[in-house]
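Here's final.txt, which has compact mmCIF, C-alpha atoms and all ligand atoms:
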# COMPACT_ATOMS: atom_id res chain seq x y z
CA MET A 1 -83.79 281.19 -108.62
CA ARG A 2 -80.17 280.51 -109.45
CA ILE A 3 -78.65 277.71 -111.44
CA ALA A 4 -75.06 276.67 -112.20
CA SER A 5 -73.23 273.62 -113.46
CA LEU A 6 -70.25 271.69 -112.13
CA GLY A 7 -69.84 270.12 -115.55
CA SER A 8 -71.97 268.60 -118.29
CA GLY A 9 -71.31 265.66 -120.60
CA SER A 10 -70.57 261.96 -120.69
CA ARG A 11 -67.56 262.35 -118.35
CA GLY A 12 -69.62 263.74 -115.48
CA ASN A 13 -72.61 265.90 -114.64
CA GLY A 14 -73.76 268.03 -111.74
CA THR A 15 -76.15 270.99 -111.64
CA LEU A 16 -76.96 273.31 -108.75
CA VAL A 17 -80.47 274.76 -108.38
CA GLU A 18 -81.07 277.29 -105.59
CA ASP A 19 -83.89 279.56 -104.48
CA GLY A 20 -81.97 281.60 -101.92
CA ASN A 21 -82.77 279.27 -99.01
CA THR A 22 -82.32 275.80 -100.46
CA CYS A 23 -79.53 274.42 -102.62
CA ILE A 24 -80.22 271.25 -104.61
CA LEU A 25 -77.58 269.30 -106.51
CA VAL A 26 -78.98 267.42 -109.50
CA ASP A 27 -76.77 264.41 -110.29
CA LEU A 28 -73.16 263.99 -109.30
CA GLY A 29 -70.85 262.22 -111.69
CA PHE A 30 -67.55 263.37 -110.18
CA THR A 31 -65.20 262.04 -107.51
CA LEU A 32 -65.31 263.73 -104.10
CA LYS A 33 -62.06 265.58 -104.74
CA GLU A 34 -63.24 266.85 -108.10
CA THR A 35 -66.63 267.79 -106.62
CA HIS A 36 -65.01 269.96 -103.94
CA ARG A 37 -62.92 271.68 -106.58
CA ARG A 38 -65.91 272.37 -108.82
CA LEU A 39 -68.20 273.50 -105.97
CA ASN A 40 -65.48 275.82 -104.78
CA ARG A 41 -65.30 277.43 -108.21
CA LEU A 42 -69.01 278.30 -107.84
CA GLY A 43 -68.57 279.67 -104.31
CA ARG A 44 -70.20 276.66 -102.66
CA SER A 45 -69.03 273.90 -100.35
CA ALA A 46 -70.35 270.43 -99.61
CA GLY A 47 -72.15 271.65 -96.49
CA ASP A 48 -74.27 274.03 -98.58
CA ILE A 49 -75.98 271.18 -100.44
CA ASP A 50 -79.39 270.44 -98.88
CA ALA A 51 -80.29 267.51 -101.14
CA ILE A 52 -79.13 265.53 -104.15
CA ILE A 53 -81.63 264.47 -106.81
CA VAL A 54 -80.54 261.77 -109.25
CA THR A 55 -81.95 261.45 -112.78
CA HIS A 56 -80.72 257.91 -113.57
CA GLU A 57 -78.02 255.37 -112.78
CA HIS A 58 -75.51 256.00 -115.58
CA SER A 59 -72.18 256.68 -113.93
CA ASP A 60 -71.78 260.16 -115.43
CA HIS A 61 -74.79 261.06 -113.21
CA ILE A 62 -74.41 258.89 -110.11
CA HIS A 63 -70.70 258.12 -109.65
CA GLY A 64 -70.17 260.56 -106.77
CA VAL A 65 -73.63 260.45 -105.17
CA ALA A 66 -73.31 257.70 -102.53
CA PRO A 67 -69.78 258.66 -101.33
CA PHE A 68 -70.88 262.31 -101.03
CA ALA A 69 -74.13 261.42 -99.25
CA ARG A 70 -72.36 259.12 -96.78
CA LYS A 71 -69.70 261.68 -95.98
CA PHE A 72 -72.01 264.68 -95.57
CA SER A 73 -75.29 262.95 -94.56
CA THR A 74 -76.99 264.58 -97.54
CA PRO A 75 -80.56 263.44 -98.30
CA VAL A 76 -80.79 261.78 -101.73
CA TYR A 77 -83.89 261.52 -103.94
CA MET A 78 -84.22 259.03 -106.80
CA THR A 79 -86.62 256.53 -108.31
CA PRO A 80 -86.59 252.94 -106.94
CA GLY A 81 -85.25 251.73 -110.29
CA THR A 82 -82.29 254.10 -110.13
CA TYR A 83 -81.07 252.87 -106.75
CA ASP A 84 -79.11 249.61 -106.79
CA PRO A 85 -77.97 248.72 -103.24
CA ASN A 86 -75.37 246.25 -104.53
CA ARG A 87 -73.72 248.90 -106.63
CA HIS A 88 -74.28 252.07 -104.62
CA GLY A 89 -74.13 250.71 -101.08
CA LEU A 90 -75.90 252.35 -98.18
CA ILE A 91 -77.28 255.85 -98.65
CA PRO A 92 -78.22 257.08 -95.17
CA HIS A 93 -81.11 259.41 -96.05
CA LEU A 94 -82.55 257.93 -99.22
CA HIS A 95 -85.97 259.08 -100.47
CA LYS A 96 -87.45 256.94 -103.20
CA ILE A 97 -89.58 259.12 -105.44
CA ASN A 98 -92.56 258.33 -107.63
CA CYS A 99 -91.65 259.65 -111.08
CA HIS A 100 -95.32 260.52 -111.73
CA ARG A 101 -95.77 262.58 -108.58
CA ASN A 102 -94.49 266.06 -107.74
CA PHE A 103 -92.64 266.59 -104.48
CA SER A 104 -90.94 269.49 -102.77
CA ILE A 105 -87.77 270.27 -100.89
CA SER A 106 -88.43 273.31 -98.67
CA ALA A 107 -89.98 275.93 -100.98
CA ILE A 108 -88.78 274.35 -104.24
CA ASP A 109 -91.42 272.30 -106.07
CA ILE A 110 -90.07 269.48 -108.20
CA GLU A 111 -91.88 267.82 -111.10
CA PRO A 112 -90.28 264.57 -112.23
CA VAL A 113 -90.72 263.83 -115.93
CA PRO A 114 -90.15 260.23 -117.10
CA VAL A 115 -87.98 260.13 -120.23
CA PRO A 116 -87.12 257.45 -122.83
CA HIS A 117 -83.48 256.55 -122.09
CA ASP A 118 -81.66 253.25 -121.72
CA ALA A 119 -81.72 253.24 -117.91
CA LYS A 120 -84.02 251.45 -115.47
CA GLU A 121 -86.32 254.26 -114.37
CA PRO A 122 -84.96 257.55 -115.69
CA CYS A 123 -86.59 260.90 -115.15
CA GLN A 124 -85.67 264.51 -115.63
CA PHE A 125 -86.97 267.43 -113.56
CA VAL A 126 -88.64 270.84 -113.63
CA PHE A 127 -88.02 272.99 -110.53
CA SER A 128 -90.19 275.90 -109.52
CA SER A 129 -90.09 278.46 -106.78
CA ALA A 130 -91.92 281.79 -106.48
CA GLY A 131 -93.28 281.48 -110.02
CA ILE A 132 -89.90 280.82 -111.68
CA ARG A 133 -89.47 277.53 -113.55
CA VAL A 134 -86.14 275.87 -114.30
CA GLY A 135 -86.14 272.76 -116.50
CA ILE A 136 -83.35 270.21 -116.83
CA LEU A 137 -83.72 267.88 -119.80
CA THR A 138 -80.83 265.65 -120.86
CA ASP A 139 -80.31 261.94 -121.47
CA LEU A 140 -83.34 261.10 -123.59
CA GLY A 141 -83.54 259.43 -126.98
CA HIS A 142 -86.59 261.27 -128.23
CA VAL A 143 -89.11 263.86 -127.11
CA THR A 144 -92.40 262.33 -126.00
CA PRO A 145 -95.68 264.31 -125.95
CA HIS A 146 -95.46 264.29 -122.14
CA VAL A 147 -91.96 265.80 -122.22
CA GLU A 148 -93.14 268.45 -124.67
CA GLN A 149 -96.02 269.35 -122.37
CA GLN A 150 -94.01 269.46 -119.14
CA TYR A 151 -91.22 271.70 -120.41
CA GLN A 152 -93.47 274.52 -121.63
CA SER A 153 -93.06 277.89 -119.92
CA CYS A 154 -89.65 277.45 -118.32
CA ASN A 155 -87.65 280.58 -117.54
CA VAL A 156 -84.43 278.60 -117.84
CA LEU A 157 -84.05 275.38 -119.83
CA LEU A 158 -81.00 273.13 -119.80
CA LEU A 159 -81.51 271.13 -122.96
CA GLU A 160 -79.50 268.20 -124.26
CA CYS A 161 -77.82 268.85 -127.61
CA ASN A 162 -75.80 265.66 -127.54
CA HIS A 163 -74.68 265.06 -131.08
CA ASP A 164 -74.56 266.16 -134.65
CA PRO A 165 -75.86 263.13 -136.59
CA LYS A 166 -73.19 263.48 -139.28
CA MET A 167 -70.32 263.78 -136.79
CA LEU A 168 -71.69 260.80 -134.87
CA ALA A 169 -71.97 258.70 -138.04
CA GLU A 170 -68.46 259.58 -139.17
CA GLY A 171 -66.91 259.71 -135.69
CA PRO A 172 -64.78 257.28 -133.66
CA TYR A 173 -67.52 255.40 -131.74
CA PRO A 174 -67.90 251.68 -132.50
CA TYR A 175 -71.05 250.93 -134.50
CA PRO A 176 -73.16 249.51 -131.60
CA LEU A 177 -72.47 252.64 -129.54
CA LYS A 178 -73.38 254.91 -132.48
CA LYS A 179 -76.63 253.01 -132.78
CA ARG A 180 -77.31 253.36 -129.06
CA VAL A 181 -76.60 257.11 -128.95
CA ALA A 182 -78.77 257.82 -132.01
CA GLY A 183 -81.51 255.38 -130.96
CA THR A 184 -84.92 256.12 -129.45
CA HIS A 185 -83.52 255.50 -125.95
CA GLY A 186 -80.15 257.22 -126.46
CA HIS A 187 -79.49 260.94 -126.60
CA LEU A 188 -81.03 264.00 -128.31
CA SER A 189 -79.33 265.31 -131.43
CA ASN A 190 -79.06 269.03 -132.13
CA GLU A 191 -81.98 268.68 -134.56
CA GLN A 192 -84.17 266.90 -132.03
CA ALA A 193 -83.43 269.65 -129.52
CA ALA A 194 -84.39 272.26 -132.12
CA ALA A 195 -87.63 270.42 -132.89
CA LEU A 196 -88.58 270.57 -129.19
CA ILE A 197 -87.79 274.29 -129.01
CA GLU A 198 -90.06 274.85 -132.00
CA THR A 199 -93.01 273.60 -129.94
CA ILE A 200 -92.21 275.76 -126.91
CA ASP A 201 -93.71 279.14 -126.12
CA LEU A 202 -90.55 281.24 -125.98
CA ASN A 203 -92.12 284.22 -124.24
CA ARG A 204 -91.10 283.08 -120.79
CA LEU A 205 -87.75 281.57 -121.76
CA GLN A 206 -84.86 283.79 -120.68
CA TYR A 207 -81.95 281.35 -120.90
CA LEU A 208 -81.41 278.29 -123.04
CA VAL A 209 -78.41 276.24 -121.93
CA LEU A 210 -77.03 273.79 -124.50
CA SER A 211 -76.14 270.75 -122.39
CA HIS A 212 -74.61 267.25 -122.42
CA ILE A 213 -72.75 268.14 -125.63
CA SER A 214 -70.63 265.22 -126.83
CA GLU A 215 -66.94 266.05 -126.99
CA LYS A 216 -66.44 263.58 -129.84
CA ASN A 217 -69.67 263.84 -131.82
CA ASN A 218 -70.63 267.51 -131.62
CA LEU A 219 -69.42 271.09 -131.42
CA PRO A 220 -71.14 273.91 -129.52
CA GLU A 221 -71.14 275.87 -132.79
CA LEU A 222 -73.09 273.14 -134.59
CA ALA A 223 -75.65 273.04 -131.78
CA ARG A 224 -76.09 276.81 -132.00
CA GLN A 225 -76.48 276.63 -135.77
CA ALA A 226 -79.17 273.97 -135.47
CA LEU A 227 -81.10 276.01 -132.92
CA GLU A 228 -80.81 279.47 -134.45
CA PRO A 229 -83.60 279.02 -137.04
CA VAL A 230 -86.14 278.12 -134.34
CA LEU A 231 -85.05 281.01 -132.09
CA GLN A 232 -85.70 283.79 -134.63
CA GLY A 233 -86.96 286.88 -132.82
CA TRP A 234 -86.26 285.45 -129.38
CA SER A 235 -84.45 287.90 -127.12
CA GLY A 236 -83.10 285.50 -124.49
CA GLU A 237 -79.58 284.24 -124.02
CA ILE A 238 -77.97 281.01 -125.21
CA CYS A 239 -75.33 279.51 -122.91
CA VAL A 240 -73.22 276.40 -123.24
CA ALA A 241 -72.71 273.88 -120.43
CA ASP A 242 -69.17 272.64 -120.77
CA GLN A 243 -67.67 269.32 -119.64
CA LEU A 244 -64.75 270.94 -117.82
CA GLN A 245 -66.18 274.29 -116.75
CA GLY A 246 -69.94 273.69 -116.54
CA PHE A 247 -71.37 277.20 -116.48
CA THR A 248 -71.42 279.87 -113.83
CA TRP A 249 -74.49 281.17 -111.99
CA ILE A 250 -77.53 282.21 -113.98
CA GLU A 251 -80.05 284.16 -111.93
CA VAL A 252 -83.72 284.73 -112.80
CA GLU A 253 -86.31 286.63 -110.79
ZN ZN B 1 -75.45 261.37 -119.27
ZN ZN B 2 -77.60 258.46 -119.44
Could you write out this structure as structure tokens?
Amino acid sequence: MRIASLGSGSRGNGTLVEDGNTCILVDLGFTLKETHRRLNRLGRSAGDIDAIIVTHEHSDHIHGVAPFARKFSTPVYMTPGTYDPNRHGLIPHLHKINCHRNFSISAIDIEPVPVPHDAKEPCQFVFSSAGIRVGILTDLGHVTPHVEQQYQSCNVLLLECNHDPKMLAEGPYPYPLKKRVAGTHGHLSNEQAAALIETIDLNRLQYLVLSHISEKNNLPELARQALEPVLQGWSGEICVADQLQGFTWIEVE
């Protein structure tokens, strides 16, 4: 399987997951023009995308979805709560998914995982094909036992390291927004991400991608520092998903 990112963070998200035959785009928070530019950088074009899966309705995840799907007739998968016809308009090939039931797109199996986040029906996803598991886990305020269970044994994990609690507390956000971000239905801090990693069997994990890093309330270096103690002895690779650059293809067999 291969995975790459168009960009990651509160100004727009988009992740590509491929198994050689099928290319899935998870979330699209960019304008059409920006999407073309970012796909191009990864050697892909709009016509290569077989399906879009949406995690939740915050605009950094859904902004570009309906315009893209209308223009390229791309099938879109999301929970009923995520789709708002008044806001998103018509999506020609819309599949409403049950966030407690696995589904598949060609040979890629997809496990939705409901997460605690301040959206209507948010879920994150684990993708598997030919025994390889790729987990995407961002936009959640805390790790539930179900999340902990579902993200075991991934080969690649994109994990939210949204904020450093001290930077958030001392940073520029107005107080209500600070409270929201740090709350149980906000975003994972570096420490919360590290606590999840501590529960995970690292034997299968080859790549850990630090994701949805706040540009105002965190630094990639702080995220790394928080995670290093729980990754002692682990021989995999840490990558950073950047707001502007995303990250380039990671391949696991
Ligand atoms: Zn987000
Ligand atoms: Zn969100």
To check your reading of the model: which residues sit at most 9 Å from ligand ZN 2 (chain B) when counting all atoms listed in the file? Write the answer as a PDB file with C-alpha atoms, keeping the file's coordinate frame.
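Contents of part-v4.pdb, freshly written:
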ATOM      1  CA  SER A  10     -70.570 261.960-120.690  1.00  0.00           C
ATOM      2  CA  THR A  55     -81.950 261.450-112.780  1.00  0.00           C
ATOM      3  CA  HIS A  56     -80.720 257.910-113.570  1.00  0.00           C
ATOM      4  CA  GLU A  57     -78.020 255.370-112.780  1.00  0.00           C
ATOM      5  CA  HIS A  58     -75.510 256.000-115.580  1.00  0.00           C
ATOM      6  CA  SER A  59     -72.180 256.680-113.930  1.00  0.00           C
ATOM      7  CA  ASP A  60     -71.780 260.160-115.430  1.00  0.00           C
ATOM      8  CA  HIS A  61     -74.790 261.060-113.210  1.00  0.00           C
ATOM      9  CA  HIS A 117     -83.480 256.550-122.090  1.00  0.00           C
ATOM     10  CA  ASP A 118     -81.660 253.250-121.720  1.00  0.00           C
ATOM     11  CA  ALA A 119     -81.720 253.240-117.910  1.00  0.00           C
ATOM     12  CA  PRO A 122     -84.960 257.550-115.690  1.00  0.00           C
ATOM     13  CA  THR A 138     -80.830 265.650-120.860  1.00  0.00           C
ATOM     14  CA  ASP A 139     -80.310 261.940-121.470  1.00  0.00           C
ATOM     15  CA  LEU A 140     -83.340 261.100-123.590  1.00  0.00           C
ATOM     16  CA  GLY A 186     -80.150 257.220-126.460  1.00  0.00           C
ATOM     17  CA  HIS A 187     -79.490 260.940-126.600  1.00  0.00           C
TER      18      HIS A 187
END
Notebook entry, point to check: For Ala130 (chain A), which residue among A:Lys96, A:Ala223, A:Asp109, A:Asp201 is the nearest when counting all atoms listed in the file?
Noted result: A:Asp109
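With CA of Tyr175 (chain A) on one side and CA of Lys120 (chain A) on the other, the separation reads 23.0 Å.
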Next item on the list: Within 9 Å of (-79.2, 257.9, -96.1) (coordinates as in the file), grab all the protein and nucleic acid residues, counting all atoms listed in the file, and write them out as a VMD selection string.
Entry: chain A and resid 66 69 to 70 73 to 76 90 to 95
Could you save the residues just selected, with C-alpha atoms, as a short mmCIF file (atom, residue, chain, number, x, y, z; two decimals), in the frame of the given file?
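Once written, part-v7.cif looks like this:
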data_model
loop_
_atom_site.label_atom_id
_atom_site.label_comp_id
_atom_site.auth_asym_id
_atom_site.auth_seq_id
_atom_site.Cartn_x
_atom_site.Cartn_y
_atom_site.Cartn_z
CA ALA A 66 -73.31 257.70 -102.53
CA ALA A 69 -74.13 261.42 -99.25
CA ARG A 70 -72.36 259.12 -96.78
CA SER A 73 -75.29 262.95 -94.56
CA THR A 74 -76.99 264.58 -97.54
CA PRO A 75 -80.56 263.44 -98.30
CA VAL A 76 -80.79 261.78 -101.73
CA LEU A 90 -75.90 252.35 -98.18
CA ILE A 91 -77.28 255.85 -98.65
CA PRO A 92 -78.22 257.08 -95.17
CA HIS A 93 -81.11 259.41 -96.05
CA LEU A 94 -82.55 257.93 -99.22
CA HIS A 95 -85.97 259.08 -100.47
#
Next item on the list: Would you mind telling me which residue in A:His63, A:Phe68, A:Ala193, A:Ile24 lies nearest to Asp48 (chain A) when using all atoms listed in the file?
Entry: A:Ile24
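Computed from the coordinates, the CA of Gly233 (chain A) to CA of Ile197 (chain A) distance equals 13.2 Å.
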Note to self: Neighbouring residues of Ile132 (chain A) were defined as those with any atom within 8 Å, considering all atoms listed in the file; residues of the same chain fewer than 3 positions away were excluded. Please report them as a PyMOL selection string.
What the structure shows: chain A and resi 1+128-129+154-155+252-253
Margin query: When you count all atoms listed in the file, which of these residues is closest to Thr22 (chain A): A:Leu168, A:Ile108, A:Cys239, A:Leu208?
Written below: A:Ile108
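Taking CA of Ser8 (chain A) and CA of Asn40 (chain A) as the two end points, the separation is 16.6 Å.
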